[in-house]
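Data first, discussion second: the structure below is written as structure tokens.
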Amino acid sequence: MTLSDYRKRESPSGDVDFIIEALEQTNPIINHIKWMQGNLPTGNKTTIRTAIPKPSVRRINQGVAPTKSETEQITDTCIMLEGRSSVDVKLLKLQSNPEAFRRSEDAAFVQGFSQAVADNIFYGDAKQNPDTFNGLSVRYNSIGGKEHTAAHQVLAGGTANEGEHNTSIYIVGWGTHATAGIYPKNSEMGLHMEDLKEQDAFDENGKPFRALQTLFSWDCGLSVMDIETCALVRNIDATQLESLSTAATKTLINSIVRAKNRIRNLQNKDKDVHMYVPREVYDFLELYLLDKNNVYVTRHEVMGAMPQLYFSGIPVDKSDSILTTEPAFTVNS
């Protein structure tokens, strides 16, 4: 389920509705993630088949060699996020609508949680920070490799800038057997809010004052159960997107096409595929609509809504969490 699906199955609650809707508006990727309960108290263990048995030719009076498949287990952990909103009761008394004022402060925390989860989905690195989980950038951190490996799912979008001025395109297939958000076993999904009501709060000098407090918490992680359900185009020089030559434009478009085609079972109805790009790449693709050679980028107009951009039928979504300051990634020969 996505967070919106989860909301529809919960009993009616103004607070829950408010939080989920704010998440949708803050970062589109949060609303696309399919969530599943992990099989561990700290996350999820996935068993991946790494090799399949091959049959032998059988001859009369001759046997065949025994074969077997090979598997590998990968453990994904969850991050525990928590925050506390605190609004001075004296300040609330000055407001004409105290509850609306308090909710406006809570909304900032919701946006902060949304941004933190999206940032980790793209760039979380458990080696650099043991308290987080590995995001897509870490899992797909080299370009070109043998088929059925993570590196094979990554293509170069051009010649990377030697400095940290590069960006990437992330194509993600969300699904319960593909790529999914996870939450710990026997816990609840999504961002949770608890009204702690009026309590003592403390200023920077440790002096108490009365405040209405709200506790927010979200335990979540990421599991890529099938590495071929995602594909990336890396080493895109973000500083050159406004002035790409015809040849460079063709290289980038061709790389996106090839990356898209490396996703396993792209047309599977159980897989929800989205393409996430930074604003600079979104601008490039939207302007490419006007190119006479364009056969890939389309735009769907919906009455009463913003037009949706597509690349070969895959929805293209802007994400502020995708950096344009990525380093250059290794291209394997």
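Labeling convention for the structure tokens: chains A, B, ... as they appear, residues from 1 per chain, ligands from 1 in order of appearance.
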Worksheet item: Quick one: residues within 9 Å of Val117 in chain A, only C-alpha atoms counted, chain neighbours fewer than 5 positions away excluded, as a ChimeraX atom specification?
Response: /A:30,81,112,122,220-221
Item to complete: List every residue of range 184-263 of chain A that DSSP, applied to the backbone of this structure, places in helix (DSSP H, G or I), and write the result as a ChimeraX atom specification.
Response: /A:227-229,238-243,246-261
Print the selection's residues with C-alpha atoms to a file, as an mmCIF file, in the first residue's frame.
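So selection04.cif came out as:
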```cif
data_model
loop_
_atom_site.group_PDB
_atom_site.id
_atom_site.type_symbol
_atom_site.label_atom_id
_atom_site.label_comp_id
_atom_site.auth_asym_id
_atom_site.auth_seq_id
_atom_site.Cartn_x
_atom_site.Cartn_y
_atom_site.Cartn_z
ATOM 1 C CA ILE A 227 17.896 -4.957 -8.575
ATOM 2 C CA GLU A 228 16.514 -5.002 -12.115
ATOM 3 C CA THR A 229 13.426 -3.034 -11.093
ATOM 4 C CA ALA A 238 23.973 19.770 -14.507
ATOM 5 C CA THR A 239 25.831 22.932 -15.586
ATOM 6 C CA GLN A 240 25.575 22.003 -19.280
ATOM 7 C CA LEU A 241 21.899 21.040 -19.580
ATOM 8 C CA GLU A 242 20.868 24.463 -20.932
ATOM 9 C CA SER A 243 23.408 24.349 -23.758
ATOM 10 C CA THR A 246 22.640 17.982 -30.707
ATOM 11 C CA ALA A 247 25.075 15.099 -30.192
ATOM 12 C CA ALA A 248 25.082 15.488 -26.382
ATOM 13 C CA THR A 249 21.280 15.683 -26.319
ATOM 14 C CA LYS A 250 21.053 12.490 -28.362
ATOM 15 C CA THR A 251 23.490 10.757 -25.992
ATOM 16 C CA LEU A 252 21.414 11.681 -22.939
ATOM 17 C CA ILE A 253 18.087 10.688 -24.526
ATOM 18 C CA ASN A 254 19.556 7.398 -25.764
ATOM 19 C CA SER A 255 20.880 6.613 -22.276
ATOM 20 C CA ILE A 256 17.453 7.218 -20.744
ATOM 21 C CA VAL A 257 15.882 4.883 -23.306
ATOM 22 C CA ARG A 258 18.435 2.152 -22.608
ATOM 23 C CA ALA A 259 18.073 2.557 -18.832
ATOM 24 C CA LYS A 260 14.306 2.279 -19.103
ATOM 25 C CA ASN A 261 14.613 -0.887 -21.152
#
```
Item to complete: Please identify all polymer residues within 7 Å of range 176-178 of chain A, counting only C-alpha atoms, omitting same-chain residues fewer than 2 positions from it, and present them as a VMD selection string.
Response: chain A and resid 34 36 173 to 174 180 224 to 226 229
Grab the residues selected above and save them as a CSV table (one decimal), in the first residue's frame with N, CA and C atoms.
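The resulting file, result_16.csv, is shown below:
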```
chain,number,residue,atom,x,y,z
A,34,LYS,N,5.5,2.0,-2.4
A,34,LYS,CA,4.7,0.9,-1.9
A,34,LYS,C,5.4,0.4,-0.6
A,36,MET,N,5.8,-2.1,2.8
A,36,MET,CA,5.5,-3.5,3.3
A,36,MET,C,6.2,-3.6,4.7
A,173,GLY,N,10.9,1.1,-10.0
A,173,GLY,CA,9.7,0.3,-10.1
A,173,GLY,C,9.3,-0.1,-8.7
A,174,TRP,N,8.2,0.5,-8.2
A,174,TRP,CA,7.7,0.2,-6.9
A,174,TRP,C,6.8,-1.0,-6.9
A,180,ALA,N,10.6,-1.4,-2.5
A,180,ALA,CA,9.5,-1.0,-1.6
A,180,ALA,C,10.1,-0.3,-0.4
A,224,VAL,N,15.4,-3.1,-1.9
A,224,VAL,CA,15.4,-3.4,-3.3
A,224,VAL,C,15.5,-4.9,-3.5
A,225,MET,N,14.4,-5.5,-3.6
A,225,MET,CA,14.3,-7.0,-3.7
A,225,MET,C,14.7,-7.5,-5.0
A,226,ASP,N,14.6,-6.7,-6.1
A,226,ASP,CA,15.0,-7.1,-7.4
A,226,ASP,C,15.8,-5.9,-8.0
A,229,THR,N,14.6,-3.8,-11.1
A,229,THR,CA,13.4,-3.0,-11.1
A,229,THR,C,13.7,-1.5,-11.0
```
Item to complete: Can you work out which one of A:Ala211, A:Val281, A:Val87, A:Ile143 has the shortest atom-to-atom distance to Phe101 in chain A, counting only C-alpha atoms?
Response: A:Val87
Item to complete: Counting only C-alpha atoms, figure out which residue out of A:Leu91, A:Ala126, A:Met80, A:Val138 gets nearest to Arg210 in chain A.
Response: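 Ranking A:Leu91, A:Ala126, A:Met80, A:Val138 by distance to Arg210 in chain A, first place goes to A:Leu91.
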Practice prompt. Could you please determine the separation between CA of Asn235 in chain A and CA of Tyr276 in chain A in Å, to one decimal place?
Written response: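 We find that CA of Asn235 in chain A and CA of Tyr276 in chain A lie 15.2 Å from each other.
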Fill in: Test item: residues at most 6 Å from range 150-166 of chain A, only C-alpha atoms, excluding those fewer than 6 positions along its chain, as a ChimeraX atom specification
/A:140,142-144,227,231-238,252,255,324-328
Fill in: Contact residues around Asp76 in chain A with only C-alpha atoms at 9 Å, ignoring same-chain residues under 3 positions, as an MDAnalysis selection string
chainID A and resid 38 42:46 133:134 182 221:224
Name all residues at most 10 Å from Asp119 in chain A (count only C-alpha atoms; drop same-chain ones fewer than 3 positions away) and give them as a PDB file with C-alpha atoms, in the first residue's frame.
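Saved result, around32.pdb, follows:
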```
ATOM      1  CA  PHE A 113      10.102  14.294   7.906  1.00  0.00           C
ATOM      2  CA  SER A 114       9.064  13.983   4.276  1.00  0.00           C
ATOM      3  CA  GLN A 115      12.292  15.583   3.107  1.00  0.00           C
ATOM      4  CA  ALA A 116      14.400  13.403   5.414  1.00  0.00           C
ATOM      5  CA  PHE A 122      18.186   8.669  -2.735  1.00  0.00           C
ATOM      6  CA  TYR A 123      21.395   9.239  -0.771  1.00  0.00           C
ATOM      7  CA  GLY A 124      21.325   7.312   2.508  1.00  0.00           C
ATOM      8  CA  GLY A 135      19.652   4.643  -0.595  1.00  0.00           C
ATOM      9  CA  SER A 319      12.261  15.802  -6.802  1.00  0.00           C
ATOM     10  CA  ASP A 320      14.055  18.473  -4.812  1.00  0.00           C
ATOM     11  CA  SER A 321      15.932  15.705  -2.997  1.00  0.00           C
ATOM     12  CA  ILE A 322      17.992  14.833  -6.085  1.00  0.00           C
ATOM     13  CA  LEU A 323      21.254  16.744  -5.931  1.00  0.00           C
TER      14      LEU A 323
END
```
Worksheet item: Quick one: distance from CA of Phe202 in chain A to CA of Gln95 in chain A in Å, one decimal?
Response: 21.8 Å
Item to complete: Could you give me, as a VMD selection string, the residues within 10 Å of Pro55 in chain A, counting only C-alpha atoms and dropping anything in the same chain fewer than 3 positions from it?
Response: chain A and resid 52 58 64 to 68
Keeping only C-alpha atoms, take the residues you just selected and write them out as a PDB file, in the first residue's frame.
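Once written, selection_30.pdb looks like this:
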```pdb
ATOM      1  CA  ILE A  52      19.591 -20.845 -11.667  1.00  0.00           C
ATOM      2  CA  ARG A  58      20.368 -36.743 -21.390  1.00  0.00           C
ATOM      3  CA  VAL A  64      23.336 -36.065 -15.824  1.00  0.00           C
ATOM      4  CA  ALA A  65      25.252 -33.972 -13.339  1.00  0.00           C
ATOM      5  CA  PRO A  66      23.212 -32.657 -10.388  1.00  0.00           C
ATOM      6  CA  THR A  67      22.711 -28.896 -10.344  1.00  0.00           C
ATOM      7  CA  LYS A  68      21.107 -26.391  -7.998  1.00  0.00           C
TER       8      LYS A  68
END
```
Worksheet item: Just how far from CA of Pro130 in chain A is CA of Ala107 in chain A, in Å to one decimal?
Response: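 Straight-line distance from CA of Ala107 in chain A to CA of Pro130 in chain A works out to 28.2 Å.
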Discussion item. For the strand (DSSP E) assignment from backbone DSSP, which residues of range 216-333 of chain A qualify? Please present them as a VMD selection string.
Written reply: chain A and resid 216 to 224 230 to 237 272 to 277 297 to 300 308 to 311 314 to 318
How about saving the chosen residues, N, CA and C atoms kept, as an mmCIF file, in the first residue's frame?
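Saved result, selection_34.cif, follows:
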```cif
data_model
loop_
_atom_site.group_PDB
_atom_site.id
_atom_site.type_symbol
_atom_site.label_atom_id
_atom_site.label_comp_id
_atom_site.auth_asym_id
_atom_site.auth_seq_id
_atom_site.Cartn_x
_atom_site.Cartn_y
_atom_site.Cartn_z
ATOM 1 N N PHE A 216 6.257 13.499 16.847
ATOM 2 C CA PHE A 216 6.212 12.852 15.538
ATOM 3 C C PHE A 216 7.242 11.730 15.503
ATOM 4 N N SER A 217 6.882 10.607 14.872
ATOM 5 C CA SER A 217 7.840 9.507 14.726
ATOM 6 C C SER A 217 7.563 8.745 13.436
ATOM 7 N N TRP A 218 8.639 8.229 12.831
ATOM 8 C CA TRP A 218 8.524 7.460 11.590
ATOM 9 C C TRP A 218 9.702 6.501 11.513
ATOM 10 N N ASP A 219 9.416 5.207 11.569
ATOM 11 C CA ASP A 219 10.438 4.175 11.409
ATOM 12 C C ASP A 219 10.305 3.608 9.997
ATOM 13 N N CYS A 220 11.345 3.723 9.195
ATOM 14 C CA CYS A 220 11.224 3.311 7.796
ATOM 15 C C CYS A 220 12.575 2.942 7.216
ATOM 16 N N GLY A 221 12.529 2.232 6.109
ATOM 17 C CA GLY A 221 13.727 1.850 5.393
ATOM 18 C C GLY A 221 13.408 1.592 3.938
ATOM 19 N N LEU A 222 14.372 1.050 3.203
ATOM 20 C CA LEU A 222 14.216 0.780 1.778
ATOM 21 C C LEU A 222 14.743 -0.615 1.478
ATOM 22 N N SER A 223 13.977 -1.366 0.699
ATOM 23 C CA SER A 223 14.407 -2.694 0.275
ATOM 24 C C SER A 223 14.304 -2.802 -1.241
ATOM 25 N N VAL A 224 15.421 -3.124 -1.882
ATOM 26 C CA VAL A 224 15.429 -3.370 -3.320
ATOM 27 C C VAL A 224 15.517 -4.886 -3.496
ATOM 28 N N CYS A 230 15.038 -1.216 -10.924
ATOM 29 C CA CYS A 230 15.463 0.183 -10.931
ATOM 30 C C CYS A 230 16.547 0.365 -11.985
ATOM 31 N N ALA A 231 16.661 1.569 -12.495
ATOM 32 C CA ALA A 231 17.727 1.910 -13.441
ATOM 33 C C ALA A 231 18.068 3.380 -13.262
ATOM 34 N N LEU A 232 19.337 3.706 -13.415
ATOM 35 C CA LEU A 232 19.796 5.074 -13.225
ATOM 36 C C LEU A 232 20.576 5.558 -14.435
ATOM 37 N N VAL A 233 20.477 6.848 -14.708
ATOM 38 C CA VAL A 233 21.348 7.512 -15.673
ATOM 39 C C VAL A 233 22.176 8.502 -14.869
ATOM 40 N N ARG A 234 23.473 8.278 -14.800
ATOM 41 C CA ARG A 234 24.347 9.072 -13.943
ATOM 42 C C ARG A 234 25.320 9.895 -14.790
ATOM 43 N N ASN A 235 26.129 10.667 -14.086
ATOM 44 C CA ASN A 235 27.151 11.506 -14.733
ATOM 45 C C ASN A 235 26.547 12.493 -15.724
ATOM 46 N N ILE A 236 25.428 13.106 -15.337
ATOM 47 C CA ILE A 236 24.830 14.175 -16.145
ATOM 48 C C ILE A 236 25.365 15.504 -15.621
ATOM 49 N N ASP A 237 26.086 16.229 -16.448
ATOM 50 C CA ASP A 237 26.647 17.516 -16.043
ATOM 51 C C ASP A 237 25.514 18.539 -15.950
ATOM 52 N N ASP A 272 4.738 -0.214 -10.209
ATOM 53 C CA ASP A 272 4.422 1.188 -10.472
ATOM 54 C C ASP A 272 5.731 1.914 -10.731
ATOM 55 N N VAL A 273 6.012 2.228 -12.001
ATOM 56 C CA VAL A 273 7.308 2.786 -12.393
ATOM 57 C C VAL A 273 7.211 4.303 -12.519
ATOM 58 N N HIS A 274 8.171 4.992 -11.905
ATOM 59 C CA HIS A 274 8.253 6.450 -11.992
ATOM 60 C C HIS A 274 9.687 6.857 -12.280
ATOM 61 N N MET A 275 9.825 7.986 -12.964
ATOM 62 C CA MET A 275 11.135 8.559 -13.231
ATOM 63 C C MET A 275 11.273 9.835 -12.406
ATOM 64 N N TYR A 276 12.333 9.904 -11.584
ATOM 65 C CA TYR A 276 12.549 11.058 -10.711
ATOM 66 C C TYR A 276 13.768 11.834 -11.202
ATOM 67 N N VAL A 277 13.588 13.139 -11.344
ATOM 68 C CA VAL A 277 14.644 13.985 -11.903
ATOM 69 C C VAL A 277 14.715 15.287 -11.103
ATOM 70 N N VAL A 297 9.247 12.007 -25.313
ATOM 71 C CA VAL A 297 8.668 12.834 -24.258
ATOM 72 C C VAL A 297 7.282 13.310 -24.679
ATOM 73 N N THR A 298 6.293 13.093 -23.812
ATOM 74 C CA THR A 298 4.923 13.547 -24.066
ATOM 75 C C THR A 298 4.395 14.244 -22.826
ATOM 76 N N ARG A 299 3.287 14.941 -22.995
ATOM 77 C CA ARG A 299 2.655 15.634 -21.881
ATOM 78 C C ARG A 299 1.164 15.375 -21.912
ATOM 79 N N HIS A 300 0.626 15.003 -20.761
ATOM 80 C CA HIS A 300 -0.796 14.696 -20.657
ATOM 81 C C HIS A 300 -1.495 15.830 -19.930
ATOM 82 N N GLN A 308 1.048 16.472 -16.789
ATOM 83 C CA GLN A 308 1.996 15.452 -16.352
ATOM 84 C C GLN A 308 2.928 15.108 -17.511
ATOM 85 N N LEU A 309 4.218 15.140 -17.241
ATOM 86 C CA LEU A 309 5.220 14.821 -18.240
ATOM 87 C C LEU A 309 5.508 13.319 -18.216
ATOM 88 N N TYR A 310 5.698 12.714 -19.402
ATOM 89 C CA TYR A 310 5.983 11.281 -19.511
ATOM 90 C C TYR A 310 7.181 11.065 -20.428
ATOM 91 N N PHE A 311 7.942 10.019 -20.120
ATOM 92 C CA PHE A 311 9.007 9.572 -21.017
ATOM 93 C C PHE A 311 8.701 8.136 -21.392
ATOM 94 N N ILE A 314 6.358 6.562 -19.044
ATOM 95 C CA ILE A 314 6.719 6.567 -17.626
ATOM 96 C C ILE A 314 6.533 7.982 -17.074
ATOM 97 N N PRO A 315 5.756 8.163 -15.996
ATOM 98 C CA PRO A 315 5.582 9.498 -15.427
ATOM 99 C C PRO A 315 6.924 10.075 -14.963
ATOM 100 N N VAL A 316 7.154 11.332 -15.285
ATOM 101 C CA VAL A 316 8.377 12.033 -14.875
ATOM 102 C C VAL A 316 8.009 13.001 -13.755
ATOM 103 N N ASP A 317 8.690 12.880 -12.613
ATOM 104 C CA ASP A 317 8.379 13.717 -11.453
ATOM 105 C C ASP A 317 9.626 14.451 -10.975
ATOM 106 N N LYS A 318 9.454 15.738 -10.680
ATOM 107 C CA LYS A 318 10.546 16.514 -10.098
ATOM 108 C C LYS A 318 10.728 16.132 -8.642
#
```
